[in-house]
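Working notes, beginning with the structure itself.
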Amino acid sequence: MQAGATTDIAAVPAGPQARWRRSRLTLALLSALAFVAGVALLQGAEPATRDADFLRLMRFMAALKGGFALTAFAACAWRLARPAAFWRGLAYVAGPPLMIVGAFALWVPREPGLAALVLHGGLFAVVAAALTDRDFVPDIALRRRALRASRSPRV
């Protein structure tokens, strides 16, 4: 490079970083849409049951699952900062929004079976992707390699 020359950032080709940035943006947009859809689902919704205890139980479960959905969103957004396999990336992007919609649908238990299916489908996608992903928590793999290297006899 010549002295005094500057590099134009727009001239740098978009690589994997841009693709993963788009994945994180897609996750955020889908989650926002799922939240809006869930709020719309609550507007004027009448529970299918009049049993107060059942409704209280379902709403407690919905709140708990909503917390799981927020945790899954944070974990997936963090994980999508690094490249992941296609199917894992898809699970990381689609899982939390499904969990969000399922939690809202569980709050108004008109179709609790369908709500639970959607919610647990998203949860299963995120957990399956995370458990099979070596790089989900990269420090653990690095520590294991370092531990094995320190235990091996030196020649």
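We name chains A, B, ... following the order of the structure tokens; residues begin at 1 in each chain, and ligands are numbered from 1 as shown.
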Residue contacts of A:Phe104 (8 Å, only C-alpha atoms) excluding same-chain residues fewer than 6 positions away, as a VMD selection string: chain A and resid 38 to 39 41 to 42 62 66
Selection to disk with C-alpha atoms, as a short mmCIF file (atom, residue, chain, number, x, y, z; two decimals), in the first residue's frame:
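Generated output (selection30.cif):
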```
data_model
loop_
_atom_site.label_atom_id
_atom_site.label_comp_id
_atom_site.auth_asym_id
_atom_site.auth_seq_id
_atom_site.Cartn_x
_atom_site.Cartn_y
_atom_site.Cartn_z
CA GLY A 38 -48.20 -12.51 20.30
CA VAL A 39 -49.47 -9.16 21.52
CA LEU A 41 -53.07 -12.63 19.82
CA LEU A 42 -53.75 -11.27 23.31
CA ALA A 62 -46.44 -19.12 29.78
CA GLY A 66 -41.34 -16.62 28.00
#
```
Polymer residues at most 12 Å from stretch 110-112 of chain A, only C-alpha atoms, same-chain spacing of 5 or more positions, as a list of chain:residue names: A:Leu41, A:Leu42, A:Ala45, A:Glu46, A:Pro47, A:Ala48, A:Thr49, A:Arg50, A:Phe54, A:Leu55, A:Leu57, A:Met58, A:Arg59, A:Met61, A:Ala62, A:Gly102, A:Ala103, A:Phe104, A:Ala105, A:Leu117, A:Val118, A:Leu119, A:His120
Can I get the selected residues back with C-alpha atoms, as a PDB file, in the first residue's frame?
```pdb
ATOM      1  CA  LEU A  41     -53.071 -12.625  19.824  1.00  0.00           C
ATOM      2  CA  LEU A  42     -53.753 -11.269  23.310  1.00  0.00           C
ATOM      3  CA  ALA A  45     -58.673 -12.964  23.295  1.00  0.00           C
ATOM      4  CA  GLU A  46     -61.025 -14.871  25.525  1.00  0.00           C
ATOM      5  CA  PRO A  47     -59.644 -17.975  27.270  1.00  0.00           C
ATOM      6  CA  ALA A  48     -61.301 -21.227  26.254  1.00  0.00           C
ATOM      7  CA  THR A  49     -61.792 -22.212  29.877  1.00  0.00           C
ATOM      8  CA  ARG A  50     -63.397 -20.538  32.843  1.00  0.00           C
ATOM      9  CA  PHE A  54     -56.178 -23.977  35.188  1.00  0.00           C
ATOM     10  CA  LEU A  55     -55.864 -20.481  33.726  1.00  0.00           C
ATOM     11  CA  LEU A  57     -51.354 -22.532  35.914  1.00  0.00           C
ATOM     12  CA  MET A  58     -51.226 -21.935  32.157  1.00  0.00           C
ATOM     13  CA  ARG A  59     -50.274 -18.288  32.610  1.00  0.00           C
ATOM     14  CA  MET A  61     -46.202 -21.724  32.560  1.00  0.00           C
ATOM     15  CA  ALA A  62     -46.441 -19.122  29.780  1.00  0.00           C
ATOM     16  CA  GLY A 102     -45.798 -20.274  21.708  1.00  0.00           C
ATOM     17  CA  ALA A 103     -45.463 -18.519  25.066  1.00  0.00           C
ATOM     18  CA  PHE A 104     -47.980 -15.849  24.058  1.00  0.00           C
ATOM     19  CA  ALA A 105     -50.354 -18.501  22.710  1.00  0.00           C
ATOM     20  CA  LEU A 117     -46.156 -27.840  20.100  1.00  0.00           C
ATOM     21  CA  VAL A 118     -44.890 -24.554  18.643  1.00  0.00           C
ATOM     22  CA  LEU A 119     -43.128 -23.542  21.843  1.00  0.00           C
ATOM     23  CA  HIS A 120     -41.414 -26.875  22.419  1.00  0.00           C
TER      24      HIS A 120
END
```
What separation in Å, quoted to one decimal, exists between atom CA of A:Leu70 and atom CA of A:Pro96?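 Those two atoms sit 7.5 Å apart.
Our summary of the geometry notes that atom CA of A:Leu33 is positioned 20.5 Å from atom CA of A:Pro109.
Of the listed residues A:Ala81, A:Ala149, A:Ala72, A:Val101, the one whose atoms come nearest to A:Ala129 is A:Ala72, with distances taken using only C-alpha atoms.
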All residues 8 Å or closer to A:Gly121, only C-alpha atoms, same chain fewer than 4 positions away omitted, as a PyMOL selection string: chain A and resi 95+98-99+117+125
Please produce a file of those selected residues containing N, CA and C atoms, as a short mmCIF file (atom, residue, chain, number, x, y, z; two decimals), in the first residue's frame.
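Generated output (again.cif):
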```cif
data_model
loop_
_atom_site.label_atom_id
_atom_site.label_comp_id
_atom_site.auth_asym_id
_atom_site.auth_seq_id
_atom_site.Cartn_x
_atom_site.Cartn_y
_atom_site.Cartn_z
N GLY A 95 -35.70 -20.75 16.13
CA GLY A 95 -36.14 -21.29 17.43
C GLY A 95 -36.71 -20.26 18.39
N LEU A 98 -40.23 -18.89 17.48
CA LEU A 98 -41.26 -19.90 17.71
C LEU A 98 -41.59 -19.99 19.20
N MET A 99 -40.58 -19.92 20.03
CA MET A 99 -40.80 -19.98 21.47
C MET A 99 -41.59 -18.78 21.96
N LEU A 117 -46.90 -27.26 21.21
CA LEU A 117 -46.16 -27.84 20.10
C LEU A 117 -45.22 -26.81 19.46
N ALA A 125 -35.39 -27.16 18.78
CA ALA A 125 -34.46 -26.73 17.72
C ALA A 125 -33.22 -26.07 18.31
#
```
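When only C-alpha atoms are used to measure the gap to A:Ala77, the shortest distance among A:Ser31, A:Ser150, A:Thr132, A:Gln43 belongs to A:Ser31.
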I'd like to know which residues of stretch 87-146 of chain A are helix (DSSP H, G or I) (by DSSP, run on the backbone); could you write them as a PyMOL selection string? chain A and resi 87-107+112-131+138-146
Counting only C-alpha atoms, the residue of A:Arg148, A:Ala84, A:Pro97, A:Ala130 that sits nearest A:Val36: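 Nearest to A:Val36: A:Pro97.
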Nearest-residue call for A:Ala74, choices A:Leu114, A:Leu123, A:Leu27, A:Ala146, using only C-alpha atoms: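 Smallest separation from A:Ala74 among the options: A:Leu27.
Minimum atom-to-atom distance to A:Arg79, evaluated using only C-alpha atoms, belongs to A:Val126 out of A:Ala63, A:Ala116, A:Val126, A:Leu29.
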